[in-house]
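Visitor: Structure supplied as my_file_3.cif; contents: mmCIF, C-alpha atoms and all ligand atoms.
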data_protein
#
loop_
_atom_site.label_atom_id
_atom_site.label_comp_id
_atom_site.auth_asym_id
_atom_site.auth_seq_id
_atom_site.Cartn_x
_atom_site.Cartn_y
_atom_site.Cartn_z
CA MET A 11 -10.77 120.34 2.26
CA THR A 12 -8.93 118.01 4.58
CA ARG A 13 -11.01 115.14 5.84
CA PRO A 14 -11.44 114.48 9.54
CA ILE A 15 -9.27 111.67 10.85
CA THR A 16 -11.00 108.46 11.88
CA HIS A 17 -9.30 106.93 14.92
CA VAL A 18 -9.20 103.14 14.98
CA ALA A 19 -7.98 100.69 17.64
CA ALA A 20 -6.70 97.32 16.45
CA GLY A 21 -5.38 94.35 18.43
CA VAL A 22 -2.51 92.09 17.46
CA LEU A 23 -3.12 88.93 19.49
CA VAL A 24 0.23 87.23 20.01
CA ARG A 25 0.55 83.72 21.46
CA ASP A 26 3.47 82.53 23.56
CA ASP A 27 4.78 80.60 20.51
CA GLY A 28 5.03 83.90 18.57
CA GLU A 29 2.10 83.33 16.20
CA PHE A 30 -0.34 86.22 15.74
CA LEU A 31 -3.98 86.42 14.70
CA LEU A 32 -5.49 87.87 11.54
CA GLY A 33 -9.18 88.20 10.74
CA SER A 34 -10.91 88.55 7.39
CA ARG A 35 -13.05 91.64 6.84
CA PRO A 36 -16.74 90.79 6.74
CA GLU A 37 -18.93 91.21 3.64
CA GLY A 38 -20.43 94.66 3.20
CA LYS A 39 -17.50 96.62 4.65
CA PRO A 40 -14.89 98.50 2.60
CA TYR A 41 -12.15 96.04 1.60
CA ALA A 42 -14.34 93.02 2.37
CA GLY A 43 -12.31 89.80 2.32
CA TYR A 44 -9.01 91.57 3.04
CA TRP A 45 -7.09 90.44 6.12
CA GLU A 46 -6.77 92.76 9.13
CA PHE A 47 -6.15 92.86 12.83
CA PRO A 48 -9.45 92.76 14.72
CA GLY A 49 -10.62 96.18 15.91
CA GLY A 50 -12.63 99.21 14.90
CA LYS A 51 -13.43 102.88 15.24
CA LEU A 52 -13.24 104.82 18.50
CA GLU A 53 -16.56 106.20 19.70
CA PRO A 54 -16.72 109.89 20.65
CA GLY A 55 -14.81 110.45 23.90
CA GLU A 56 -13.57 106.85 24.01
CA SER A 57 -9.87 106.05 24.60
CA ALA A 58 -8.03 103.76 22.18
CA LEU A 59 -7.64 101.11 24.88
CA ALA A 60 -11.35 101.21 25.77
CA ALA A 61 -12.25 100.92 22.08
CA LEU A 62 -9.86 97.98 21.69
CA LYS A 63 -11.52 96.13 24.56
CA ARG A 64 -15.01 96.87 23.28
CA GLU A 65 -14.25 95.94 19.64
CA LEU A 66 -12.48 92.68 20.51
CA ASN A 67 -15.41 91.73 22.69
CA GLU A 68 -17.94 92.62 19.96
CA GLU A 69 -16.06 91.04 17.04
CA MET A 70 -14.56 87.93 18.64
CA GLY A 71 -16.12 87.45 22.06
CA ILE A 72 -12.97 87.77 24.16
CA GLU A 73 -12.02 89.87 27.15
CA VAL A 74 -8.63 91.60 26.85
CA VAL A 75 -6.46 91.02 29.93
CA THR A 76 -3.02 92.38 28.87
CA ALA A 77 -2.61 94.89 26.03
CA TYR A 78 0.51 96.92 25.31
CA PRO A 79 0.26 100.16 23.28
CA TRP A 80 2.43 99.52 20.22
CA LEU A 81 2.58 101.14 16.76
CA THR A 82 0.57 103.97 15.20
CA GLN A 83 -0.07 104.30 11.50
CA GLU A 84 -1.84 107.00 9.47
CA PHE A 85 -3.22 106.05 6.10
CA ILE A 86 -5.36 107.71 3.44
CA TYR A 87 -7.99 105.39 1.97
CA PRO A 88 -10.51 106.44 -0.70
CA HIS A 89 -13.24 106.00 1.95
CA ALA A 90 -11.47 107.56 4.96
CA THR A 91 -8.27 108.93 6.45
CA VAL A 92 -7.48 106.71 9.40
CA ARG A 93 -5.15 106.85 12.37
CA LEU A 94 -4.65 103.31 13.56
CA HIS A 95 -3.65 102.63 17.17
CA PHE A 96 -2.21 99.11 17.30
CA PHE A 97 -1.89 97.19 20.55
CA GLN A 98 -0.16 93.90 21.20
CA VAL A 99 -2.54 91.71 23.16
CA THR A 100 -0.70 88.94 25.01
CA ARG A 101 -3.39 87.73 27.44
CA TRP A 102 -7.13 87.38 26.99
CA LYS A 103 -10.05 85.47 28.48
CA GLY A 104 -12.59 83.43 26.61
CA GLU A 105 -12.54 81.48 23.38
CA ILE A 106 -12.06 83.30 20.10
CA GLN A 107 -15.41 83.13 18.26
CA PRO A 108 -16.14 85.05 15.06
CA GLN A 109 -19.17 87.25 15.79
CA GLU A 110 -19.51 88.81 12.32
CA GLY A 111 -19.01 85.85 9.97
CA GLN A 112 -15.30 86.56 9.61
CA GLN A 113 -12.50 83.97 9.49
CA PHE A 114 -9.53 83.92 11.84
CA VAL A 115 -6.06 82.46 11.15
CA TRP A 116 -2.89 82.23 13.22
CA GLN A 117 0.20 83.30 11.29
CA ARG A 118 3.96 83.20 11.80
CA PRO A 119 5.84 86.55 11.55
CA GLY A 120 7.48 86.88 8.13
CA MET A 121 5.69 83.79 6.76
CA LEU A 122 2.17 84.86 5.84
CA THR A 123 -0.02 82.26 4.17
CA VAL A 124 -3.04 84.51 3.52
CA ALA A 125 -3.63 87.56 1.28
CA PRO A 126 -4.47 90.30 0.57
CA MET A 127 -3.74 92.35 3.67
CA LEU A 128 -5.16 95.86 4.28
CA PRO A 129 -2.52 98.12 2.71
CA ALA A 130 -1.97 100.23 5.86
CA ASN A 131 -0.68 97.17 7.69
CA THR A 132 2.62 96.53 5.87
CA PRO A 133 4.86 98.17 8.51
CA ILE A 134 2.90 96.45 11.26
CA LEU A 135 3.74 93.05 9.79
CA ARG A 136 7.40 94.05 9.54
CA GLY A 137 7.32 95.10 13.17
CA LEU A 138 6.11 91.66 14.19
CA GLU A 139 9.33 90.14 12.79
CA LEU A 140 11.47 92.15 15.20
CA PRO A 141 12.46 90.48 18.49
CA ASN A 142 11.61 91.95 21.88
CA GLU A 143 15.27 91.69 22.86
CA MET A 144 17.92 93.26 20.63
CA ALA A 145 21.31 91.99 21.82
CA ILE A 146 24.32 94.25 21.20
CA SER A 147 27.80 92.74 21.05
CA ASN A 148 30.31 93.49 23.81
CA VAL A 149 33.77 92.45 22.63
CA ALA A 150 35.09 95.75 24.01
CA GLU A 151 34.58 94.66 27.62
CA LEU A 152 34.70 90.85 27.38
CA GLY A 153 37.53 90.37 24.88
CA GLU A 154 37.00 88.42 21.68
CA SER A 155 37.44 84.84 22.87
CA GLU A 156 35.20 85.23 25.93
CA TYR A 157 32.66 87.12 23.85
CA MET A 158 32.57 84.37 21.20
CA ARG A 159 32.03 81.76 23.93
CA ARG A 160 29.07 83.66 25.34
CA LEU A 161 27.69 84.30 21.87
CA ALA A 162 27.84 80.57 21.06
CA ARG A 163 25.87 79.88 24.24
CA ARG A 164 23.22 82.43 23.37
CA LEU A 165 22.96 81.07 19.83
CA THR A 166 22.24 77.57 21.08
CA GLY A 167 19.81 79.15 23.57
CA GLY A 168 17.70 80.59 20.73
CA LEU A 169 18.99 84.14 20.18
CA ARG A 170 17.33 85.48 16.99
CA TRP A 171 18.92 88.87 16.29
CA LEU A 172 22.30 90.35 17.06
CA MET A 173 23.74 93.80 16.59
CA LEU A 174 27.47 93.96 16.07
CA ARG A 175 28.74 97.22 17.52
CA GLU A 176 32.41 97.64 18.45
CA PRO A 177 33.33 101.30 17.95
CA HIS A 178 36.78 100.74 19.51
CA LEU A 179 37.83 98.65 16.47
CA GLU A 180 39.28 100.00 13.22
CA ARG A 181 37.26 99.17 10.13
CA ASP A 182 39.46 96.24 9.02
CA ASP A 183 39.44 94.61 12.45
CA PHE A 184 35.71 95.19 12.75
CA ALA A 185 35.20 93.58 9.32
CA LEU A 186 37.24 90.52 10.36
CA LEU A 187 35.23 90.15 13.56
CA ALA A 188 31.99 90.59 11.63
CA GLU A 189 32.96 87.78 9.24
CA LYS A 190 33.62 85.43 12.15
CA VAL A 191 30.38 86.34 13.89
CA LEU A 192 28.35 85.96 10.69
CA ALA A 193 29.86 82.52 10.08
CA LEU A 194 29.04 81.44 13.64
CA ALA A 195 25.50 82.84 13.48
CA LYS A 196 24.56 81.62 10.01
CA PRO A 197 23.63 77.99 10.86
CA PHE A 198 21.23 79.35 13.49
CA GLY A 199 19.45 81.64 11.01
CA VAL A 200 20.23 84.60 13.27
CA ARG A 201 19.89 88.08 11.74
CA VAL A 202 23.05 90.12 12.22
CA ILE A 203 22.85 93.92 12.08
CA ILE A 204 26.07 95.85 11.46
CA ASN A 205 26.55 99.09 13.35
CA ARG A 206 27.47 102.34 11.57
CA ASP A 207 28.66 100.95 8.22
CA PRO A 208 26.01 100.36 5.49
CA GLU A 209 28.73 99.58 2.93
CA LEU A 210 30.26 96.85 5.10
CA ALA A 211 26.79 95.45 5.87
CA ARG A 212 26.11 95.13 2.14
CA GLN A 213 29.54 93.63 1.43
CA LEU A 214 29.11 90.96 4.10
CA GLY A 215 25.51 90.21 3.18
CA ALA A 216 24.41 91.06 6.73
CA ALA A 217 20.70 91.40 7.52
CA GLY A 218 20.97 95.15 7.94
CA VAL A 219 22.58 98.22 9.37
CA HIS A 220 22.10 100.30 12.50
CA LEU A 221 22.85 104.03 12.16
CA ARG A 222 24.17 106.38 14.81
CA SER A 223 21.91 109.39 15.36
CA PRO A 224 24.20 111.88 13.52
CA GLN A 225 24.22 109.53 10.51
CA LEU A 226 20.45 109.29 10.68
CA MET A 227 20.02 113.08 10.76
CA ALA A 228 22.37 113.54 7.77
CA LEU A 229 20.27 111.20 5.58
CA GLN A 230 17.44 112.24 3.28
CA GLU A 231 16.64 108.71 2.19
CA ARG A 232 16.75 105.22 3.59
CA PRO A 233 20.04 103.45 2.68
CA GLU A 234 19.48 101.09 -0.22
CA GLY A 235 20.16 97.38 -0.59
CA LEU A 236 19.64 96.40 3.04
CA ASP A 237 16.71 94.45 4.38
CA TRP A 238 16.70 96.01 7.85
CA VAL A 239 17.69 99.57 8.76
CA GLY A 240 17.49 100.95 12.30
CA ALA A 241 18.91 103.96 14.11
CA SER A 242 19.75 105.33 17.53
CA THR A 243 17.63 108.27 18.66
CA HIS A 244 17.40 110.45 21.76
CA GLY A 245 14.10 112.24 21.32
CA GLY A 246 11.04 113.04 19.24
CA PRO A 247 12.67 114.88 16.31
CA GLU A 248 15.14 112.05 15.65
CA LEU A 249 12.44 109.43 16.03
CA ALA A 250 10.19 111.35 13.62
CA HIS A 251 13.03 111.55 11.09
CA ALA A 252 13.66 107.79 11.35
CA ALA A 253 9.94 107.20 10.77
CA ARG A 254 9.87 109.58 7.75
CA LEU A 255 12.77 107.71 6.15
CA GLY A 256 10.84 104.47 6.54
CA LEU A 257 13.36 102.85 8.88
CA ASP A 258 12.38 99.55 10.44
CA TYR A 259 13.03 100.30 14.10
CA ALA A 260 14.72 102.80 16.43
CA PHE A 261 16.48 102.77 19.76
CA LEU A 262 15.46 105.50 22.22
CA GLY A 263 17.58 106.35 25.25
CA THR A 264 19.37 106.74 27.46
CA LEU A 265 16.81 105.19 29.79
CA GLN A 266 18.86 104.85 32.97
CA PRO A 267 22.44 105.67 33.98
CA THR A 268 24.92 103.02 32.72
CA PRO A 269 28.56 102.25 33.54
CA SER A 270 29.56 103.96 30.28
CA HIS A 271 27.22 106.95 30.87
CA PRO A 272 27.06 107.18 34.68
CA ASP A 273 25.74 110.73 35.00
CA GLY A 274 24.39 111.72 31.60
CA ASP A 275 20.84 112.90 30.93
CA THR A 276 18.45 109.99 31.26
CA LEU A 277 14.82 109.71 30.18
CA GLY A 278 13.37 107.33 32.75
CA TRP A 279 10.17 105.48 31.81
CA GLY A 280 8.11 108.69 32.08
CA GLY A 281 10.27 110.51 29.54
CA PHE A 282 10.37 107.47 27.27
CA ALA A 283 6.58 107.13 27.31
CA ARG A 284 6.02 110.85 26.66
CA ILE A 285 8.13 110.69 23.49
CA VAL A 286 6.78 107.37 22.17
CA SER A 287 3.14 108.32 22.86
CA HIS A 288 3.25 110.80 19.95
CA GLY A 289 2.63 107.66 17.94
CA TYR A 290 5.21 106.30 15.49
CA THR A 291 4.94 103.66 12.80
CA LEU A 292 8.25 102.08 13.73
CA PRO A 293 8.97 99.87 16.74
CA VAL A 294 11.01 101.58 19.48
CA TYR A 295 13.49 99.83 21.76
CA ALA A 296 14.37 101.28 25.13
CA ILE A 297 18.14 101.35 25.70
CA GLY A 298 20.48 102.23 28.54
CA GLY A 299 21.15 100.29 31.73
CA LEU A 300 18.35 97.76 31.14
CA SER A 301 18.01 93.99 31.49
CA LEU A 302 15.47 91.51 30.16
CA GLY A 303 13.48 92.01 33.37
CA ASP A 304 12.68 95.53 32.12
CA LEU A 305 10.82 94.21 29.07
CA PRO A 306 7.32 94.44 30.61
CA ALA A 307 8.02 98.06 31.67
CA ALA A 308 9.29 98.91 28.18
CA ARG A 309 6.12 97.48 26.62
CA GLN A 310 3.80 99.14 29.12
CA HIS A 311 5.37 102.47 28.16
CA GLY A 312 4.83 101.99 24.42
CA GLY A 313 8.15 100.36 23.56
CA HIS A 314 8.55 97.31 21.35
CA GLY A 315 11.37 95.88 23.41
CA VAL A 316 14.71 96.38 25.11
CA ALA A 317 18.16 96.76 23.55
CA LEU A 318 20.74 95.09 25.80
CA LEU A 319 24.50 95.48 25.86
CA ARG A 320 26.02 94.07 29.06
CA ALA A 321 22.88 92.28 30.20
CA ALA A 322 22.69 90.26 26.97
CA TRP A 323 25.90 88.39 27.80
CA ASN A 324 25.71 87.81 31.56
CA ALA A 325 25.84 84.26 32.87
N1 LIG A 401 -9.90 96.76 12.28
C1 LIG A 401 -8.91 97.14 11.49
N2 LIG A 401 -9.08 98.22 10.69
C2 LIG A 401 -8.03 98.55 9.91
C3 LIG A 401 -6.80 97.83 9.92
N3 LIG A 401 -5.95 98.40 9.03
C4 LIG A 401 -6.61 99.42 8.45
O1 LIG A 401 -6.18 100.15 7.57
N4 LIG A 401 -7.90 99.54 8.99
C5 LIG A 401 -8.90 100.54 8.61
O2 LIG A 401 -9.51 101.09 9.75
C6 LIG A 401 -10.88 101.46 9.48
C7 LIG A 401 -11.84 101.04 10.56
O3 LIG A 401 -11.94 99.67 10.72
P1 LIG A 401 -13.32 98.82 10.87
O4 LIG A 401 -14.00 98.71 9.56
O5 LIG A 401 -12.88 97.57 11.55
O6 LIG A 401 -14.27 99.63 11.85
P2 LIG A 401 -15.47 99.05 12.74
O7 LIG A 401 -15.12 97.70 13.26
O8 LIG A 401 -15.78 100.15 13.74
O9 LIG A 401 -16.65 98.82 11.70
P3 LIG A 401 -18.06 99.53 11.47
O10 LIG A 401 -17.76 100.83 10.82
O11 LIG A 401 -18.74 98.59 10.52
O12 LIG A 401 -18.72 99.65 12.78
C8 LIG A 401 -11.20 100.90 8.10
O13 LIG A 401 -11.12 101.98 7.19
C9 LIG A 401 -10.05 99.94 7.83
O14 LIG A 401 -9.77 99.91 6.44
C10 LIG A 401 -6.66 96.71 10.75
O15 LIG A 401 -5.64 96.02 10.80
N5 LIG A 401 -7.75 96.41 11.53
MG MG A 402 -13.76 96.16 12.78
#
Go ahead and render the structure in this file as structure tokens.
Ligand SMILES: Nc1nc2c([nH]c(=O)n2[C@@H]2O[C@H](COP(=O)(O)OP(=O)(O)OP(=O)(O)O)[C@@H](O)[C@H]2O)c(=O)[nH]1
Ligand SMILES: [Mg+2]
Guide:
Amino acid sequence: MTRPITHVAAGVLVRDDGEFLLGSRPEGKPYAGYWEFPGGKLEPGESALAALKRELNEEMGIEVVTAYPWLTQEFIYPHATVRLHFFQVTRWKGEIQPQEGQQFVWQRPGMLTVAPMLPANTPILRGLELPNEMAISNVAELGESEYMRRLARRLTGGLRWLMLREPHLERDDFALLAEKVLALAKPFGVRVIINRDPELARQLGAAGVHLRSPQLMALQERPEGLDWVGASTHGGPELAHAARLGLDYAFLGTLQPTPSHPDGDTLGWGGFARIVSHGYTLPVYAIGGLSLGDLPAARQHGGHGVALLRAAWNA
């Protein structure tokens, strides 16, 4: 017999400095002493957002002000089958006070100092390492020397991730450019993702690879030997396939008309939200005609962030 699914809302409190909050599970509960994101079970008829607000008030005495719907994870525990609805909480009122004898700690993405973590949460922690802005290179329009100038400026300005995507270049020229970009980015600790070419990404020791949607759909397994693997998608079936393969993130678009796709089919925020609201375990970036100013809209509609091509290199 299949067990009923227990719906759970959990809040990832994120501070402006990027640190996020973990709580320890109180004595007497399953997995006592494990670390988790504060939250709990939905009551009958209750929405995930309402449950989040209630649980965070009950467990830590705060009032949620801004919460973005984020990742969804299903997990089979010995005690229950759970569907976890994670929110990123960026604003709250009141002081965080443990109400159930639990401990709270602030942690830096990718640098956890506490253990063990509830096993369902592994992809959630990975998701926290991903930036809200994914910048995509634009040598094609700017030319190499101007592009490198703007890249240098963004690197000193704190850019954290970069996707190198120049489909107009032959493989050898692309590889040469990639070597230069990796050398420039390395001192800044920036993660560089190589578009289309897992083999080249491995050869260059890049952080990962980003797959085009036809490549994604032709795969039965996640490419090996790369820390980060993402893919471009255009709808639910592609997104579901990326999630099944255990990819780390996906792009979903096209959101709005762009100079390169002036009159193609676009999703708009409504279409984007409808697809993402099915609930995926991987972070989804909105792409297509966006700028950093669209980040709040992307997050309100269930996205993790925005992928920017032209807008990443302006000014
Ligand atoms: N709160 C929370 N629960 C999680 C996380 N990850 C995860 O697998 N779970 C699972 O979700 C389920 C429900 O969580 P909970 O024990 O906090 O529920 P609750 O606050 O309503 O507790 P209660 O049943 O004592 O009233 C548990 O099976 C727990 O193992 C997480 O990050 N936060
Ligand atoms: Mg709880």
Visitor: Restricting the calculation to only C-alpha atoms and all ligand atoms, which member of A:Val75, A:Leu255, A:Leu81, A:Leu122 is positioned closest to ligand LIG 401 (chain A)?
Guide: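 Among A:Val75, A:Leu255, A:Leu81, A:Leu122, it is A:Leu81 that comes nearest to ligand LIG 401 (chain A).
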Visitor: Residues within 9 Å of ligand MG 402 (chain A), counting only C-alpha atoms and all ligand atoms: report them as a count of residues only.
Guide: 15
Visitor: My list of candidates is A:Ile134, A:Ala321, A:Ala216, A:Val124. Which is closest to ligand LIG 401 (chain A) when distances are computed with all atoms listed in the file?
Guide: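 Ranked by minimum distance to ligand LIG 401 (chain A), first place goes to A:Ile134.
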Visitor: Could you give me the residues within 10 Å of ligand LIG 401 (chain A), counting all atoms listed in the file, as a tab-separated table (two decimals) with C-alpha atoms, keeping the file's coordinate frame?
Guide:
chain	number	residue	atom	x	y	z
A	16	THR	CA	-11.00	108.46	11.88
A	17	HIS	CA	-9.30	106.93	14.92
A	18	VAL	CA	-9.20	103.14	14.98
A	19	ALA	CA	-7.98	100.69	17.64
A	20	ALA	CA	-6.70	97.32	16.45
A	21	GLY	CA	-5.38	94.35	18.43
A	22	VAL	CA	-2.51	92.09	17.46
A	32	LEU	CA	-5.49	87.87	11.54
A	33	GLY	CA	-9.18	88.20	10.74
A	34	SER	CA	-10.91	88.55	7.39
A	35	ARG	CA	-13.05	91.64	6.84
A	36	PRO	CA	-16.74	90.79	6.74
A	38	GLY	CA	-20.43	94.66	3.20
A	39	LYS	CA	-17.50	96.62	4.65
A	40	PRO	CA	-14.89	98.50	2.60
A	41	TYR	CA	-12.15	96.04	1.60
A	42	ALA	CA	-14.34	93.02	2.37
A	44	TYR	CA	-9.01	91.57	3.04
A	45	TRP	CA	-7.09	90.44	6.12
A	46	GLU	CA	-6.77	92.76	9.13
A	47	PHE	CA	-6.15	92.86	12.83
A	48	PRO	CA	-9.45	92.76	14.72
A	49	GLY	CA	-10.62	96.18	15.91
A	50	GLY	CA	-12.63	99.21	14.90
A	51	LYS	CA	-13.43	102.88	15.24
A	52	LEU	CA	-13.24	104.82	18.50
A	53	GLU	CA	-16.56	106.20	19.70
A	61	ALA	CA	-12.25	100.92	22.08
A	62	LEU	CA	-9.86	97.98	21.69
A	65	GLU	CA	-14.25	95.94	19.64
A	66	LEU	CA	-12.48	92.68	20.51
A	68	GLU	CA	-17.94	92.62	19.96
A	69	GLU	CA	-16.06	91.04	17.04
A	83	GLN	CA	-0.07	104.30	11.50
A	84	GLU	CA	-1.84	107.00	9.47
A	85	PHE	CA	-3.22	106.05	6.10
A	86	ILE	CA	-5.36	107.71	3.44
A	87	TYR	CA	-7.99	105.39	1.97
A	88	PRO	CA	-10.51	106.44	-0.70
A	89	HIS	CA	-13.24	106.00	1.95
A	90	ALA	CA	-11.47	107.56	4.96
A	91	THR	CA	-8.27	108.93	6.45
A	92	VAL	CA	-7.48	106.71	9.40
A	93	ARG	CA	-5.15	106.85	12.37
A	94	LEU	CA	-4.65	103.31	13.56
A	95	HIS	CA	-3.65	102.63	17.17
A	96	PHE	CA	-2.21	99.11	17.30
A	110	GLU	CA	-19.51	88.81	12.32
A	127	MET	CA	-3.74	92.35	3.67
A	128	LEU	CA	-5.16	95.86	4.28
A	129	PRO	CA	-2.52	98.12	2.71
A	130	ALA	CA	-1.97	100.23	5.86
A	131	ASN	CA	-0.68	97.17	7.69
A	132	THR	CA	2.62	96.53	5.87
A	134	ILE	CA	2.90	96.45	11.26
A	135	LEU	CA	3.74	93.05	9.79
Visitor: Would you mind listing what lies within 12 Å of Val200 (chain A) as a VMD selection string, with only C-alpha atoms counted and same-chain residues fewer than 3 positions away left out?
Guide: chain A and resid 140 to 141 144 to 145 161 to 162 164 to 173 191 to 197 203 216 to 218
Visitor: Between CA of Arg13 (chain A) and CA of Arg232 (chain A), what is the distance in Å, rounded to a tenth?
Guide: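 One can read the CA of Arg13 (chain A) to CA of Arg232 (chain A) distance as 29.6 Å.
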Visitor: Mind giving me the straight-line distance from CA of Pro14 (chain A) to CA of His288 (chain A) in Å, one decimal?
Guide: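 CA of Pro14 (chain A) sits 18.4 Å away from CA of His288 (chain A).
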Visitor: To one decimal in Å, tell me the separation between CA of Asn148 (chain A) and CA of Leu318 (chain A).
Guide: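 CA of Asn148 (chain A) sits 9.9 Å away from CA of Leu318 (chain A).
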Visitor: Give as a list in words each residue that has an atom at most 8 Å from (14.4, 94.1, 29.0) in the file, counting all atoms listed in the file.
Guide: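 Residues found, by chain and rising number: Asn142, Glu143, Leu300, Ser301, Leu302, Gly303, Asp304, Leu305, Pro306, Ala307, Ala308, Gly315, Val316, Ala317 and Leu318 of chain A.
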Visitor: Quick one: write out the picked residues with C-alpha atoms as a PDB file, in the coordinates of the input?
Guide:
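Here's the written file again-v5.pdb:
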ATOM      1  CA  ASN A 142      11.610  91.950  21.880  1.00  0.00           C
ATOM      2  CA  GLU A 143      15.270  91.690  22.860  1.00  0.00           C
ATOM      3  CA  LEU A 300      18.350  97.760  31.140  1.00  0.00           C
ATOM      4  CA  SER A 301      18.010  93.990  31.490  1.00  0.00           C
ATOM      5  CA  LEU A 302      15.470  91.510  30.160  1.00  0.00           C
ATOM      6  CA  GLY A 303      13.480  92.010  33.370  1.00  0.00           C
ATOM      7  CA  ASP A 304      12.680  95.530  32.120  1.00  0.00           C
ATOM      8  CA  LEU A 305      10.820  94.210  29.070  1.00  0.00           C
ATOM      9  CA  PRO A 306       7.320  94.440  30.610  1.00  0.00           C
ATOM     10  CA  ALA A 307       8.020  98.060  31.670  1.00  0.00           C
ATOM     11  CA  ALA A 308       9.290  98.910  28.180  1.00  0.00           C
ATOM     12  CA  GLY A 315      11.370  95.880  23.410  1.00  0.00           C
ATOM     13  CA  VAL A 316      14.710  96.380  25.110  1.00  0.00           C
ATOM     14  CA  ALA A 317      18.160  96.760  23.550  1.00  0.00           C
ATOM     15  CA  LEU A 318      20.740  95.090  25.800  1.00  0.00           C
TER      16      LEU A 318
END
Visitor: Smallest atom-to-atom distance to Tyr290 (chain A): which of A:Phe97, A:Trp80, A:Phe30, A:Trp238, using all atoms listed in the file?
Guide: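 Residue with the minimum atom-to-atom distance to Tyr290 (chain A): A:Trp80.
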Visitor: Take the point (-8.5, 87.5, 28.0) as written in the file and pick out every residue within 10 Å of it, counting only C-alpha atoms; give the list as a list in words.
Guide: Lys63, Leu66, Asn67, Gly71, Ile72, Glu73, Val74, Val75, Thr76, Ala77, Val99, Thr100, Arg101, Trp102, Lys103, Gly104, Glu105 and Ile106 of chain A
Visitor: Could I get region 36-50 of chain A rebuilt with N, CA and C atoms, written as a PDB file, keeping the file's coordinate frame?
Guide:
ATOM      1  N   PRO A  36     -15.435  91.320   7.116  1.00  0.00           N
ATOM      2  CA  PRO A  36     -16.740  90.790   6.740  1.00  0.00           C
ATOM      3  C   PRO A  36     -17.302  91.423   5.463  1.00  0.00           C
ATOM      4  N   GLU A  37     -18.196  90.695   4.797  1.00  0.00           N
ATOM      5  CA  GLU A  37     -18.930  91.210   3.640  1.00  0.00           C
ATOM      6  C   GLU A  37     -19.613  92.528   3.992  1.00  0.00           C
ATOM      7  N   GLY A  38     -19.681  93.415   3.005  1.00  0.00           N
ATOM      8  CA  GLY A  38     -20.430  94.660   3.200  1.00  0.00           C
ATOM      9  C   GLY A  38     -19.593  95.810   3.710  1.00  0.00           C
ATOM     10  N   LYS A  39     -18.373  95.521   4.197  1.00  0.00           N
ATOM     11  CA  LYS A  39     -17.500  96.620   4.650  1.00  0.00           C
ATOM     12  C   LYS A  39     -16.531  96.971   3.537  1.00  0.00           C
ATOM     13  N   PRO A  40     -15.959  98.206   3.573  1.00  0.00           N
ATOM     14  CA  PRO A  40     -14.890  98.500   2.600  1.00  0.00           C
ATOM     15  C   PRO A  40     -13.792  97.445   2.730  1.00  0.00           C
ATOM     16  N   TYR A  41     -13.222  97.045   1.606  1.00  0.00           N
ATOM     17  CA  TYR A  41     -12.150  96.040   1.600  1.00  0.00           C
ATOM     18  C   TYR A  41     -12.607  94.695   2.181  1.00  0.00           C
ATOM     19  N   ALA A  42     -13.841  94.323   1.909  1.00  0.00           N
ATOM     20  CA  ALA A  42     -14.340  93.020   2.370  1.00  0.00           C
ATOM     21  C   ALA A  42     -13.422  91.909   1.859  1.00  0.00           C
ATOM     22  N   GLY A  43     -13.151  90.926   2.716  1.00  0.00           N
ATOM     23  CA  GLY A  43     -12.310  89.800   2.320  1.00  0.00           C
ATOM     24  C   GLY A  43     -10.821  90.029   2.537  1.00  0.00           C
ATOM     25  N   TYR A  44     -10.421  91.297   2.715  1.00  0.00           N
ATOM     26  CA  TYR A  44      -9.010  91.570   3.040  1.00  0.00           C
ATOM     27  C   TYR A  44      -8.740  91.114   4.481  1.00  0.00           C
ATOM     28  N   TRP A  45      -7.474  90.841   4.767  1.00  0.00           N
ATOM     29  CA  TRP A  45      -7.090  90.440   6.120  1.00  0.00           C
ATOM     30  C   TRP A  45      -6.681  91.666   6.930  1.00  0.00           C
ATOM     31  N   GLU A  46      -6.991  91.615   8.228  1.00  0.00           N
ATOM     32  CA  GLU A  46      -6.770  92.760   9.130  1.00  0.00           C
ATOM     33  C   GLU A  46      -6.537  92.238  10.535  1.00  0.00           C
ATOM     34  N   PHE A  47      -6.169  93.160  11.400  1.00  0.00           N
ATOM     35  CA  PHE A  47      -6.150  92.860  12.830  1.00  0.00           C
ATOM     36  C   PHE A  47      -7.520  93.260  13.368  1.00  0.00           C
ATOM     37  N   PRO A  48      -8.125  92.428  14.212  1.00  0.00           N
ATOM     38  CA  PRO A  48      -9.450  92.760  14.720  1.00  0.00           C
ATOM     39  C   PRO A  48      -9.445  94.124  15.415  1.00  0.00           C
ATOM     40  N   GLY A  49     -10.538  94.868  15.284  1.00  0.00           N
ATOM     41  CA  GLY A  49     -10.620  96.180  15.910  1.00  0.00           C
ATOM     42  C   GLY A  49     -11.638  97.028  15.202  1.00  0.00           C
ATOM     43  N   GLY A  50     -11.685  98.312  15.549  1.00  0.00           N
ATOM     44  CA  GLY A  50     -12.630  99.210  14.900  1.00  0.00           C
ATOM     45  C   GLY A  50     -12.533 100.628  15.416  1.00  0.00           C
TER      46      GLY A  50
END
